[in-house]
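*Asks:* Contents of upload31.cif (mmCIF, C-alpha atoms and all ligand atoms) are given next:
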data_run
#
loop_
_atom_site.group_PDB
_atom_site.id
_atom_site.type_symbol
_atom_site.label_atom_id
_atom_site.label_comp_id
_atom_site.auth_asym_id
_atom_site.auth_seq_id
_atom_site.Cartn_x
_atom_site.Cartn_y
_atom_site.Cartn_z
ATOM 1 C CA MET U 1 -17.981 -13.727 17.980
ATOM 2 C CA PRO U 2 -16.151 -16.995 18.555
ATOM 3 C CA SER U 3 -17.831 -19.943 16.859
ATOM 4 C CA GLN U 4 -17.439 -22.084 19.966
ATOM 5 C CA PRO U 5 -16.617 -21.563 23.641
ATOM 6 C CA PRO U 6 -12.924 -21.666 24.574
ATOM 7 C CA LYS U 7 -11.872 -24.991 25.957
ATOM 8 C CA PRO U 8 -9.180 -25.475 28.578
ATOM 9 C CA PRO U 9 -5.808 -25.624 26.843
ATOM 10 C CA PRO U 10 -4.589 -29.117 26.134
ATOM 11 C CA THR U 11 -1.101 -30.021 27.172
ATOM 12 C CA ILE U 12 0.880 -28.532 24.325
ATOM 13 C CA PRO U 13 4.481 -29.679 24.044
ATOM 14 C CA PRO U 14 6.674 -26.608 24.693
ATOM 15 C CA GLU U 15 8.511 -27.190 21.409
ATOM 16 C CA ASP U 16 5.231 -26.727 19.480
ATOM 17 C CA HIS U 17 5.201 -23.245 17.981
ATOM 18 C CA ILE U 18 1.934 -24.010 16.226
ATOM 19 C CA PHE U 19 -0.455 -26.783 17.214
ATOM 20 C CA VAL U 20 -3.331 -27.457 14.826
ATOM 21 C CA ASP U 21 -5.829 -29.439 16.861
ATOM 22 C CA ASN U 22 -8.445 -31.438 14.912
ATOM 23 C CA VAL U 23 -9.387 -28.528 12.649
ATOM 24 C CA LYS U 24 -12.369 -28.805 10.319
ATOM 25 C CA LYS U 25 -13.366 -26.159 7.823
ATOM 26 C CA SER U 26 -16.413 -25.943 5.599
ATOM 27 C CA PHE U 27 -17.474 -23.341 3.085
ATOM 28 C CA GLY U 28 -21.243 -23.733 2.964
ATOM 29 C CA LYS U 29 -21.879 -27.391 2.253
ATOM 30 C CA ASN U 30 -18.346 -27.951 0.979
ATOM 31 C CA GLN U 31 -16.197 -29.453 3.736
ATOM 32 C CA VAL U 32 -12.612 -28.680 2.795
ATOM 33 C CA LEU U 33 -10.671 -29.733 5.924
ATOM 34 C CA HIS U 34 -11.683 -32.929 7.723
ATOM 35 C CA GLY U 35 -9.922 -32.812 11.090
ATOM 36 C CA ILE U 36 -6.340 -31.656 10.572
ATOM 37 C CA THR U 37 -3.881 -32.161 13.430
ATOM 38 C CA MET U 38 -0.292 -30.927 13.115
ATOM 39 C CA HIS U 39 2.482 -30.141 15.553
ATOM 40 C CA LEU U 40 4.809 -27.526 14.049
ATOM 41 C CA ARG U 41 7.928 -27.274 16.142
ATOM 42 C CA ARG U 42 9.884 -24.140 16.927
ATOM 43 C CA LYS U 43 12.740 -23.272 14.568
ATOM 44 C CA GLU U 44 11.969 -26.174 12.286
ATOM 45 C CA THR U 45 10.838 -26.192 8.677
ATOM 46 C CA ALA U 46 7.490 -27.865 8.007
ATOM 47 C CA VAL U 47 6.553 -28.430 4.378
ATOM 48 C CA ILE U 48 2.919 -28.997 3.444
ATOM 49 C CA ILE U 49 2.598 -31.041 0.281
ATOM 50 C CA GLY U 50 -0.462 -32.365 -1.489
ATOM 51 C CA GLY U 51 -2.511 -32.269 -4.635
ATOM 52 C CA SER U 52 -4.320 -29.287 -6.096
ATOM 53 C CA GLY U 53 -7.482 -28.436 -4.159
ATOM 54 C CA ALA U 54 -6.374 -30.493 -1.133
ATOM 55 C CA GLY U 55 -6.895 -27.532 1.207
ATOM 56 C CA LYS U 56 -3.316 -26.245 1.668
ATOM 57 C CA THR U 57 -4.040 -22.577 1.084
ATOM 58 C CA THR U 58 -7.151 -22.834 3.259
ATOM 59 C CA LEU U 59 -4.967 -24.242 6.037
ATOM 60 C CA LEU U 60 -2.519 -21.331 5.670
ATOM 61 C CA ARG U 61 -5.329 -18.795 5.849
ATOM 62 C CA LEU U 62 -6.517 -20.448 9.070
ATOM 63 C CA LEU U 63 -2.987 -20.368 10.547
ATOM 64 C CA ILE U 64 -2.670 -16.633 10.094
ATOM 65 C CA GLY U 65 -6.186 -15.994 11.350
ATOM 66 C CA LEU U 66 -7.726 -14.873 8.046
ATOM 67 C CA GLU U 67 -10.353 -17.610 8.424
ATOM 68 C CA LYS U 68 -11.774 -19.304 11.512
ATOM 69 C CA PRO U 69 -12.060 -23.066 11.860
ATOM 70 C CA THR U 70 -15.596 -24.487 11.680
ATOM 71 C CA SER U 71 -14.449 -26.651 14.591
ATOM 72 C CA GLY U 72 -11.164 -27.475 16.263
ATOM 73 C CA HIS U 73 -8.458 -25.126 17.502
ATOM 74 C CA ILE U 74 -5.235 -23.509 16.377
ATOM 75 C CA TRP U 75 -2.763 -22.773 19.147
ATOM 76 C CA ILE U 76 0.069 -20.342 18.449
ATOM 77 C CA ASP U 77 2.580 -20.035 21.285
ATOM 78 C CA GLY U 78 -0.059 -21.783 23.400
ATOM 79 C CA GLU U 79 -2.814 -19.259 22.566
ATOM 80 C CA ASP U 80 -6.063 -20.306 20.866
ATOM 81 C CA ILE U 81 -6.431 -17.902 17.937
ATOM 82 C CA GLY U 82 -9.965 -19.140 17.136
ATOM 83 C CA VAL U 83 -11.442 -17.258 20.086
ATOM 84 C CA MET U 84 -9.545 -14.007 19.574
ATOM 85 C CA ASN U 85 -11.073 -10.688 18.616
ATOM 86 C CA GLU U 86 -9.638 -8.681 15.731
ATOM 87 C CA TYR U 87 -7.359 -6.642 18.037
ATOM 88 C CA GLU U 88 -5.794 -9.751 19.583
ATOM 89 C CA LEU U 89 -5.528 -11.409 16.183
ATOM 90 C CA ASN U 90 -3.591 -8.446 14.853
ATOM 91 C CA ARG U 91 -1.091 -8.874 17.672
ATOM 92 C CA VAL U 92 -0.648 -12.558 16.762
ATOM 93 C CA ARG U 93 -0.478 -11.818 13.016
ATOM 94 C CA GLN U 94 2.601 -9.698 13.706
ATOM 95 C CA LYS U 95 4.408 -12.928 14.572
ATOM 96 C CA PHE U 96 4.069 -14.010 10.943
ATOM 97 C CA GLY U 97 5.986 -13.001 7.855
ATOM 98 C CA MET U 98 4.672 -13.988 4.443
ATOM 99 C CA VAL U 99 6.736 -14.737 1.359
ATOM 100 C CA TYR U 100 4.382 -15.012 -1.576
ATOM 101 C CA GLN U 101 4.519 -17.020 -4.763
ATOM 102 C CA TYR U 102 6.480 -15.102 -7.436
ATOM 103 C CA ALA U 103 7.546 -12.713 -4.638
ATOM 104 C CA ALA U 104 4.449 -10.534 -5.356
ATOM 105 C CA LEU U 105 6.458 -7.304 -5.498
ATOM 106 C CA LEU U 106 4.676 -4.102 -6.409
ATOM 107 C CA ASP U 107 5.935 -3.356 -9.908
ATOM 108 C CA SER U 108 5.518 0.402 -9.701
ATOM 109 C CA LEU U 109 7.687 0.714 -6.577
ATOM 110 C CA THR U 110 11.470 0.473 -6.309
ATOM 111 C CA VAL U 111 13.083 -2.397 -4.434
ATOM 112 C CA PHE U 112 13.659 -0.039 -1.498
ATOM 113 C CA GLU U 113 10.007 1.009 -1.344
ATOM 114 C CA ASN U 114 8.805 -2.579 -1.672
ATOM 115 C CA VAL U 115 10.913 -3.695 1.288
ATOM 116 C CA ALA U 116 10.127 -0.585 3.355
ATOM 117 C CA PHE U 117 6.376 -1.076 2.800
ATOM 118 C CA PRO U 118 5.615 -3.106 5.988
ATOM 119 C CA LEU U 119 7.551 -0.594 8.103
ATOM 120 C CA ARG U 120 5.585 2.313 6.639
ATOM 121 C CA GLU U 121 2.334 0.460 7.474
ATOM 122 C CA HIS U 122 3.170 -0.968 10.911
ATOM 123 C CA ARG U 123 6.143 0.954 12.305
ATOM 124 C CA LYS U 124 4.996 4.497 11.765
ATOM 125 C CA HIS U 125 7.127 5.734 14.659
ATOM 126 C CA MET U 126 10.377 4.799 12.868
ATOM 127 C CA SER U 127 12.430 7.698 11.526
ATOM 128 C CA LYS U 128 13.433 7.940 7.866
ATOM 129 C CA LYS U 129 16.979 6.988 8.789
ATOM 130 C CA GLU U 130 15.885 3.983 10.869
ATOM 131 C CA VAL U 131 13.778 2.733 7.952
ATOM 132 C CA ARG U 132 16.625 3.228 5.485
ATOM 133 C CA ASP U 133 19.147 1.463 7.736
ATOM 134 C CA LYS U 134 16.870 -1.517 8.366
ATOM 135 C CA VAL U 135 16.022 -1.959 4.684
ATOM 136 C CA VAL U 136 19.603 -1.570 3.469
ATOM 137 C CA ASN U 137 20.917 -3.936 6.165
ATOM 138 C CA MET U 138 18.406 -6.604 5.260
ATOM 139 C CA LEU U 139 19.139 -6.310 1.531
ATOM 140 C CA GLU U 140 22.819 -6.664 2.327
ATOM 141 C CA LEU U 141 22.224 -9.709 4.557
ATOM 142 C CA LEU U 142 20.266 -11.357 1.761
ATOM 143 C CA GLY U 143 22.848 -10.606 -0.912
ATOM 144 C CA VAL U 144 20.973 -7.951 -2.901
ATOM 145 C CA LYS U 145 22.817 -4.870 -1.714
ATOM 146 C CA GLY U 146 22.928 -2.037 -4.202
ATOM 147 C CA LYS U 147 19.575 -2.927 -5.801
ATOM 148 C CA GLU U 148 17.614 -0.386 -3.725
ATOM 149 C CA ASN U 149 16.790 1.889 -6.642
ATOM 150 C CA HIS U 150 16.066 -0.858 -9.159
ATOM 151 C CA MET U 151 12.539 -1.653 -10.261
ATOM 152 C CA PRO U 152 11.330 -5.259 -9.714
ATOM 153 C CA SER U 153 11.284 -5.805 -13.503
ATOM 154 C CA GLU U 154 15.061 -5.267 -13.522
ATOM 155 C CA LEU U 155 15.720 -8.220 -11.191
ATOM 156 C CA SER U 156 16.320 -11.901 -11.871
ATOM 157 C CA GLY U 157 13.886 -14.488 -10.464
ATOM 158 C CA GLY U 158 16.292 -15.309 -7.625
ATOM 159 C CA GLN U 159 16.818 -11.639 -6.763
ATOM 160 C CA ARG U 160 13.058 -11.083 -6.680
ATOM 161 C CA LYS U 161 12.757 -13.920 -4.157
ATOM 162 C CA ARG U 162 15.443 -12.331 -2.004
ATOM 163 C CA VAL U 163 13.676 -8.995 -2.098
ATOM 164 C CA GLY U 164 10.326 -10.677 -1.284
ATOM 165 C CA LEU U 165 11.993 -12.429 1.637
ATOM 166 C CA ALA U 166 13.571 -9.152 2.839
ATOM 167 C CA ARG U 167 10.091 -7.620 2.878
ATOM 168 C CA GLY U 168 8.721 -10.669 4.765
ATOM 169 C CA LEU U 169 11.423 -10.221 7.420
ATOM 170 C CA MET U 170 10.922 -6.496 8.010
ATOM 171 C CA LEU U 171 8.653 -6.876 11.045
ATOM 172 C CA ASP U 172 10.995 -9.419 12.709
ATOM 173 C CA PRO U 173 8.606 -12.378 12.426
ATOM 174 C CA GLN U 174 8.936 -15.551 14.492
ATOM 175 C CA ILE U 175 7.161 -17.629 11.871
ATOM 176 C CA LEU U 176 7.775 -17.339 8.138
ATOM 177 C CA ILE U 177 5.189 -18.671 5.726
ATOM 178 C CA TYR U 178 6.277 -19.417 2.188
ATOM 179 C CA ASP U 179 3.630 -20.092 -0.441
ATOM 180 C CA GLU U 180 5.144 -22.139 -3.284
ATOM 181 C CA PRO U 181 8.576 -20.484 -2.996
ATOM 182 C CA THR U 182 10.208 -22.431 -5.818
ATOM 183 C CA SER U 183 7.373 -22.692 -8.314
ATOM 184 C CA GLY U 184 8.271 -21.410 -11.752
ATOM 185 C CA LEU U 185 12.018 -21.337 -11.005
ATOM 186 C CA ASP U 186 14.714 -23.318 -12.813
ATOM 187 C CA PRO U 187 16.478 -26.015 -10.719
ATOM 188 C CA PRO U 188 19.609 -23.974 -9.840
ATOM 189 C CA THR U 189 17.481 -21.016 -8.732
ATOM 190 C CA SER U 190 15.185 -23.355 -6.759
ATOM 191 C CA ARG U 191 18.222 -24.717 -5.000
ATOM 192 C CA MET U 192 19.336 -21.194 -4.185
ATOM 193 C CA VAL U 193 15.898 -20.382 -2.738
ATOM 194 C CA ASP U 194 16.082 -23.545 -0.614
ATOM 195 C CA ASP U 195 19.463 -22.409 0.687
ATOM 196 C CA LEU U 196 17.954 -19.029 1.440
ATOM 197 C CA ILE U 197 15.105 -20.633 3.437
ATOM 198 C CA GLU U 198 17.681 -22.629 5.413
ATOM 199 C CA GLU U 199 19.985 -19.678 6.002
ATOM 200 C CA THR U 200 17.076 -17.520 7.102
ATOM 201 C CA ARG U 201 15.984 -20.151 9.589
ATOM 202 C CA ASP U 202 19.514 -20.410 10.987
ATOM 203 C CA ARG U 203 20.198 -16.700 11.068
ATOM 204 C CA PHE U 204 16.870 -15.463 12.488
ATOM 205 C CA GLY U 205 15.785 -18.588 14.377
ATOM 206 C CA VAL U 206 12.385 -18.586 12.678
ATOM 207 C CA THR U 207 9.896 -21.402 12.368
ATOM 208 C CA SER U 208 9.189 -21.958 8.670
ATOM 209 C CA VAL U 209 5.990 -23.242 7.100
ATOM 210 C CA VAL U 210 6.279 -23.924 3.385
ATOM 211 C CA ILE U 211 3.613 -24.941 0.889
ATOM 212 C CA SER U 212 5.269 -26.734 -1.977
ATOM 213 C CA HIS U 213 4.727 -28.855 -5.043
ATOM 214 C CA ASP U 214 8.479 -29.277 -5.370
ATOM 215 C CA MET U 215 9.555 -32.610 -3.940
ATOM 216 C CA ALA U 216 13.295 -32.059 -4.455
ATOM 217 C CA SER U 217 12.959 -28.860 -2.451
ATOM 218 C CA THR U 218 10.924 -30.675 0.221
ATOM 219 C CA PHE U 219 13.736 -33.192 0.620
ATOM 220 C CA ARG U 220 16.281 -30.424 0.951
ATOM 221 C CA ILE U 221 14.543 -28.236 3.535
ATOM 222 C CA ALA U 222 11.856 -30.150 5.476
ATOM 223 C CA HIS U 223 12.289 -31.422 8.991
ATOM 224 C CA GLN U 224 8.693 -32.578 8.738
ATOM 225 C CA ALA U 225 6.564 -32.970 5.642
ATOM 226 C CA PHE U 226 2.771 -33.141 5.914
ATOM 227 C CA LEU U 227 0.969 -34.806 3.038
ATOM 228 C CA VAL U 228 -2.543 -33.364 2.742
ATOM 229 C CA ILE U 229 -5.023 -35.159 0.530
ATOM 230 C CA GLN U 230 -8.683 -34.134 0.356
ATOM 231 C CA GLY U 231 -8.491 -32.164 3.569
ATOM 232 C CA ARG U 232 -6.753 -34.801 5.657
ATOM 233 C CA VAL U 233 -3.132 -35.244 6.743
ATOM 234 C CA VAL U 234 -2.590 -38.750 5.403
ATOM 235 C CA ALA U 235 1.100 -38.930 6.331
ATOM 236 C CA HIS U 236 3.660 -36.831 8.136
ATOM 237 C CA GLY U 237 7.292 -37.155 9.113
ATOM 238 C CA PRO U 238 10.759 -36.527 7.749
ATOM 239 C CA PRO U 239 10.551 -36.751 3.945
ATOM 240 C CA ASP U 240 12.845 -39.773 3.709
ATOM 241 C CA GLU U 241 10.549 -41.640 6.076
ATOM 242 C CA LEU U 242 7.558 -40.761 3.895
ATOM 243 C CA ALA U 243 9.374 -41.795 0.740
ATOM 244 C CA PHE U 244 10.538 -45.139 2.037
ATOM 245 C CA GLY U 245 8.357 -45.912 5.068
ATOM 246 C CA ASP U 246 5.270 -48.050 5.522
ATOM 247 C CA ASN U 247 2.728 -45.510 4.332
ATOM 248 C CA GLU U 248 1.798 -46.584 0.826
ATOM 249 C CA VAL U 249 -0.078 -43.382 -0.068
ATOM 250 C CA ALA U 250 2.960 -41.276 0.858
ATOM 251 C CA ARG U 251 5.353 -43.524 -1.060
ATOM 252 C CA GLU U 252 3.165 -43.376 -4.152
ATOM 253 C CA PHE U 253 2.663 -39.628 -3.930
ATOM 254 C CA ILE U 254 6.404 -39.036 -3.745
ATOM 255 C CA ALA U 255 7.208 -41.593 -6.429
ATOM 256 C CA ALA U 256 4.637 -39.947 -8.733
ATOM 257 C CA SER U 257 6.449 -36.625 -8.339
ATOM 258 C CA GLY U 258 9.375 -38.137 -10.199
ATOM 259 C CA ILE U 259 11.718 -38.103 -7.214
ATOM 260 C CA GLY U 260 13.110 -41.611 -7.192
ATOM 261 C CA PRO U 261 16.067 -42.877 -5.189
ATOM 262 C CA ASP U 262 18.532 -41.999 -7.958
ATOM 263 C CA ARG U 263 17.268 -38.431 -8.000
ATOM 264 C CA ILE U 264 17.408 -38.105 -4.219
ATOM 265 C CA SER U 265 20.969 -39.347 -4.162
ATOM 266 C CA ARG U 266 21.858 -36.368 -6.335
ATOM 267 C CA VAL U 267 20.041 -33.916 -4.127
ATOM 268 C CA ASP U 268 22.536 -32.244 -1.856
ATOM 269 C CA THR U 269 20.397 -32.097 1.260
ATOM 270 C CA HIS U 270 20.873 -30.041 4.379
ATOM 271 C CA ARG U 271 19.422 -32.794 6.478
ATOM 272 C CA GLY U 272 22.474 -34.915 5.880
ATOM 273 C CA PHE U 273 20.609 -37.824 4.332
ATOM 274 C CA ASN U 274 22.782 -40.764 3.605
ATOM 275 C CA ALA U 275 22.031 -41.317 -0.047
ATOM 276 C CA LYS U 276 23.286 -44.883 -0.040
ATOM 277 C CA ALA U 277 21.191 -45.822 3.001
ATOM 278 C CA LEU U 278 18.224 -44.189 1.294
ATOM 279 C CA GLU U 279 18.702 -46.228 -1.833
ATOM 280 C CA GLU U 280 18.985 -49.439 0.171
ATOM 281 C CA ALA U 281 15.912 -48.530 2.195
ATOM 282 C CA SER U 282 13.964 -47.740 -0.937
ATOM 283 C CA ALA U 283 15.005 -50.962 -2.600
ATOM 284 C CA GLY U 284 13.619 -52.747 0.481
ATOM 285 C CA ALA U 285 10.464 -50.634 0.669
ATOM 286 C CA LEU U 286 9.696 -51.031 -3.008
ATOM 287 C CA GLY U 287 10.496 -54.732 -2.942
ATOM 288 C CA LYS U 288 13.214 -54.379 -5.562
HETATM 289 N N1 LIG U 301 -13.275 -18.775 0.385
HETATM 290 C C1 LIG U 301 -13.712 -19.931 -0.142
HETATM 291 N N2 LIG U 301 -15.018 -20.137 -0.386
HETATM 292 C C2 LIG U 301 -15.470 -21.307 -0.874
HETATM 293 N N3 LIG U 301 -14.682 -22.359 -1.173
HETATM 294 C C3 LIG U 301 -13.365 -22.218 -0.958
HETATM 295 C C4 LIG U 301 -12.803 -21.007 -0.430
HETATM 296 N N4 LIG U 301 -11.466 -21.180 -0.319
HETATM 297 C C5 LIG U 301 -11.193 -22.416 -0.774
HETATM 298 N N5 LIG U 301 -12.327 -23.059 -1.136
HETATM 299 C C6 LIG U 301 -12.423 -24.427 -1.652
HETATM 300 O O1 LIG U 301 -11.608 -25.251 -0.835
HETATM 301 C C7 LIG U 301 -10.985 -26.264 -1.603
HETATM 302 C C8 LIG U 301 -9.496 -26.283 -1.306
HETATM 303 O O2 LIG U 301 -8.909 -25.088 -1.807
HETATM 304 P P1 LIG U 301 -7.426 -24.638 -1.480
HETATM 305 O O3 LIG U 301 -7.202 -23.362 -2.169
HETATM 306 O O4 LIG U 301 -7.218 -24.665 -0.011
HETATM 307 O O5 LIG U 301 -6.585 -25.807 -2.162
HETATM 308 P P2 LIG U 301 -5.002 -25.950 -2.369
HETATM 309 O O6 LIG U 301 -4.600 -27.215 -1.716
HETATM 310 O O7 LIG U 301 -4.341 -24.701 -1.924
HETATM 311 O O8 LIG U 301 -4.868 -26.123 -3.948
HETATM 312 P P3 LIG U 301 -3.710 -25.606 -4.978
HETATM 313 O O9 LIG U 301 -2.569 -26.560 -4.827
HETATM 314 O O10 LIG U 301 -4.392 -25.749 -6.305
HETATM 315 O O11 LIG U 301 -3.385 -24.195 -4.626
HETATM 316 C C9 LIG U 301 -11.341 -26.009 -3.050
HETATM 317 O O12 LIG U 301 -12.395 -26.884 -3.410
HETATM 318 C C10 LIG U 301 -11.826 -24.570 -3.037
HETATM 319 O O13 LIG U 301 -12.804 -24.362 -4.005
HETATM 320 MG MG MG U 302 -3.195 -23.238 -2.915
#
Taking this structure as input, can you express it in the form of structure tokens?
*Replies:*
Amino acid sequence: MPSQPPKPPPTIPPEDHIFVDNVKKSFGKNQVLHGITMHLRRKETAVIIGGSGAGKTTLLRLLIGLEKPTSGHIWIDGEDIGVMNEYELNRVRQKFGMVYQYAALLDSLTVFENVAFPLREHRKHMSKKEVRDKVVNMLELLGVKGKENHMPSELSGGQRKRVGLARGLMLDPQILIYDEPTSGLDPPTSRMVDDLIEETRDRFGVTSVVISHDMASTFRIAHQAFLVIQGRVVAHGPPDELAFGDNEVAREFIAASGIGPDRISRVDTHRGFNAKALEEASAGALGK
């Protein structure tokens, strides 16, 4: 049963793929989210950053309907998922693809079987040939062709990510959720994963939601970053604005991550940041 009656839909900007509307979440007496509001725009990459225990994973679980808000609403394509029954939720969940931390491949299955897994679960009508073609095509698109019969243990970290992403794309999602996609990877591999997130967005037109502790990656891929601290969004905006804007908490959080202006100037971003302008802005913002 829904925890609260449906309310008339607010005016949701058409570019909002996901609108998180004043969401609170408690587990027993422990209030974890204290009124989160976020507009996640279609075909953009939103990166959720924040300290350990801030509520990021809880927020993700709410987005994909695994938990219900204690109050507030989550609108996906203009539909309130908080009032949906399990059947309707399953329809909405099909819009999502998940790419898990460390790729979460099943070690006892080949690459082919790992990637085919969602089709075997959710596309039972597909013929053997259709499954094979879809899996092989996707592996080729993602640059891991010819690895079908390998076991996950025979892949590099970057290849595992590609295979995990191929699996996440099997059901043609509109929204891709990445949980810590670069954690545990060396910087060149992280950069490659960032490129992959960007290419995937361009190629498939997906909206991407990324949870990350990796500030260099956030600068490379985020259109919007949301800084969550103790269950509240304390700052949001393009990462350069957070790093060098008026919000002191955001500036300090980013500075503490070790990403200073010199580091950013070496980050080859997709957002076309002007490194020199950034350095000047930061010198101003930091009063140097
Ligand atoms: N199912 C649950 N039952 C009770 N408490 C929970 C549950 N899920 C999360 N919490 C609590 O919510 C708080 C936030 O947890 P969450 O996993 O969302 O943090 P996080 O931001 O993802 O942290 P990290 O960066 O360490 O992964 C924690 O205090 C956690 O104990
Ligand atoms: Mg977490």
*Asks:* Please evaluate the PyMOL selection byres (((chain U and resi 222-237) around 6) and not hetatm) against the displayed coordinates and give the resulting residues as a PyMOL selection string.
*Replies:* chain U and resi 32-34+36+45-50+54-55+218+221+238-239
*Asks:* Suppose we keep C-alpha atoms; can you now write the selection as an mmCIF file, keeping the file's coordinate frame?
*Replies:*
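The result, stored in out-v6.cif:
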data_model
loop_
_atom_site.group_PDB
_atom_site.id
_atom_site.type_symbol
_atom_site.label_atom_id
_atom_site.label_comp_id
_atom_site.auth_asym_id
_atom_site.auth_seq_id
_atom_site.Cartn_x
_atom_site.Cartn_y
_atom_site.Cartn_z
ATOM 1 C CA VAL U 32 -12.612 -28.680 2.795
ATOM 2 C CA LEU U 33 -10.671 -29.733 5.924
ATOM 3 C CA HIS U 34 -11.683 -32.929 7.723
ATOM 4 C CA ILE U 36 -6.340 -31.656 10.572
ATOM 5 C CA THR U 45 10.838 -26.192 8.677
ATOM 6 C CA ALA U 46 7.490 -27.865 8.007
ATOM 7 C CA VAL U 47 6.553 -28.430 4.378
ATOM 8 C CA ILE U 48 2.919 -28.997 3.444
ATOM 9 C CA ILE U 49 2.598 -31.041 0.281
ATOM 10 C CA GLY U 50 -0.462 -32.365 -1.489
ATOM 11 C CA ALA U 54 -6.374 -30.493 -1.133
ATOM 12 C CA GLY U 55 -6.895 -27.532 1.207
ATOM 13 C CA THR U 218 10.924 -30.675 0.221
ATOM 14 C CA ILE U 221 14.543 -28.236 3.535
ATOM 15 C CA PRO U 238 10.759 -36.527 7.749
ATOM 16 C CA PRO U 239 10.551 -36.751 3.945
#
*Asks:* Measuring between only C-alpha atoms and all ligand atoms, which one of U:Glu180, U:Glu121, U:Asp80, U:Glu241 shows the shortest distance to ligand MG 302 (chain U)?
*Replies:*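 Checking each candidate against ligand MG 302 (chain U), we get U:Glu180 as the closest.
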*Asks:* For ligand MG 302 (chain U), which residue out of U:Val144, U:Val193, U:Val210, U:Leu66 is the nearest one, using only C-alpha atoms and all ligand atoms?
*Replies:*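 Of the candidates, the smallest distance to ligand MG 302 (chain U) is held by U:Val210.
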*Asks:* Can you tell me how far atom CA of U:Glu67 sits from atom C1 of ligand LIG 301 (chain U), in Å to one decimal?
*Replies:*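 Spanning atom CA of U:Glu67 to atom C1 of ligand LIG 301 (chain U) is a straight-line distance of 9.5 Å.
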*Asks:* Using all atoms listed in the file, find each residue of chain U with at least one atom at most 6 Å away from an atom of ligand LIG 301 (chain U); report its shortest atom-to-atom pair and that distance in Å (one decimal), sort the rows by chain and rising residue number, and return the result as CSV.
*Replies:*
residue,atom,partner,partner_atom,distance
U:Phe27,CA,U:LIG301,C2,4.9
U:Val32,CA,U:LIG301,O1,5.1
U:Gly51,CA,U:LIG301,O9,5.7
U:Ser52,CA,U:LIG301,O9,3.5
U:Gly53,CA,U:LIG301,O5,3.4
U:Ala54,CA,U:LIG301,O6,3.8
U:Gly55,CA,U:LIG301,O4,3.1
U:Lys56,CA,U:LIG301,O6,3.7
U:Thr57,CA,U:LIG301,O7,3.7
U:Thr58,CA,U:LIG301,O4,3.7
*Asks:* For the residues selected in the previous step, produce a file with C-alpha atoms as a PDB file, in the coordinates of the input.
*Replies:*
ATOM      1  CA  PHE U  27     -17.474 -23.341   3.085  1.00  0.00           C
ATOM      2  CA  VAL U  32     -12.612 -28.680   2.795  1.00  0.00           C
ATOM      3  CA  GLY U  51      -2.511 -32.269  -4.635  1.00  0.00           C
ATOM      4  CA  SER U  52      -4.320 -29.287  -6.096  1.00  0.00           C
ATOM      5  CA  GLY U  53      -7.482 -28.436  -4.159  1.00  0.00           C
ATOM      6  CA  ALA U  54      -6.374 -30.493  -1.133  1.00  0.00           C
ATOM      7  CA  GLY U  55      -6.895 -27.532   1.207  1.00  0.00           C
ATOM      8  CA  LYS U  56      -3.316 -26.245   1.668  1.00  0.00           C
ATOM      9  CA  THR U  57      -4.040 -22.577   1.084  1.00  0.00           C
ATOM     10  CA  THR U  58      -7.151 -22.834   3.259  1.00  0.00           C
TER      11      THR U  58
END
*Asks:* Residues picked by the PyMOL selection byres (((chain U and resi 123-138) around 12) and not hetatm) here, as a PyMOL selection string?
*Replies:* chain U and resi 94+111-122+139-149+162-172+200+203-204
*Asks:* Next, the residues of the selection above should be written as a compact mmCIF listing (two decimals), keeping the file's coordinate frame with C-alpha atoms.
*Replies:*
# COMPACT_ATOMS: atom_id res chain seq x y z
CA GLN U 94 2.60 -9.70 13.71
CA VAL U 111 13.08 -2.40 -4.43
CA PHE U 112 13.66 -0.04 -1.50
CA GLU U 113 10.01 1.01 -1.34
CA ASN U 114 8.80 -2.58 -1.67
CA VAL U 115 10.91 -3.70 1.29
CA ALA U 116 10.13 -0.58 3.36
CA PHE U 117 6.38 -1.08 2.80
CA PRO U 118 5.62 -3.11 5.99
CA LEU U 119 7.55 -0.59 8.10
CA ARG U 120 5.58 2.31 6.64
CA GLU U 121 2.33 0.46 7.47
CA HIS U 122 3.17 -0.97 10.91
CA LEU U 139 19.14 -6.31 1.53
CA GLU U 140 22.82 -6.66 2.33
CA LEU U 141 22.22 -9.71 4.56
CA LEU U 142 20.27 -11.36 1.76
CA GLY U 143 22.85 -10.61 -0.91
CA VAL U 144 20.97 -7.95 -2.90
CA LYS U 145 22.82 -4.87 -1.71
CA GLY U 146 22.93 -2.04 -4.20
CA LYS U 147 19.58 -2.93 -5.80
CA GLU U 148 17.61 -0.39 -3.72
CA ASN U 149 16.79 1.89 -6.64
CA ARG U 162 15.44 -12.33 -2.00
CA VAL U 163 13.68 -8.99 -2.10
CA GLY U 164 10.33 -10.68 -1.28
CA LEU U 165 11.99 -12.43 1.64
CA ALA U 166 13.57 -9.15 2.84
CA ARG U 167 10.09 -7.62 2.88
CA GLY U 168 8.72 -10.67 4.76
CA LEU U 169 11.42 -10.22 7.42
CA MET U 170 10.92 -6.50 8.01
CA LEU U 171 8.65 -6.88 11.04
CA ASP U 172 11.00 -9.42 12.71
CA THR U 200 17.08 -17.52 7.10
CA ARG U 203 20.20 -16.70 11.07
CA PHE U 204 16.87 -15.46 12.49
*Asks:* To one decimal place, how far is atom CA of U:Leu60 from atom CA of U:Lys29 in Å?
*Replies:* 20.6 Å
*Asks:* I need the output of the PyMOL selection byres (((chain U and resi 82-88) around 7) and not hetatm) for this file as a list in words; which residues are they?
*Replies:*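 When the PyMOL selection byres (((chain U and resi 82-88) around 7) and not hetatm) is applied to the shown file, the picked residues are Pro2, Pro6, Lys68, Pro69, His73, Ile74, Asp80, Ile81, Leu89, Asn90, Arg91 and Val92 of chain U.
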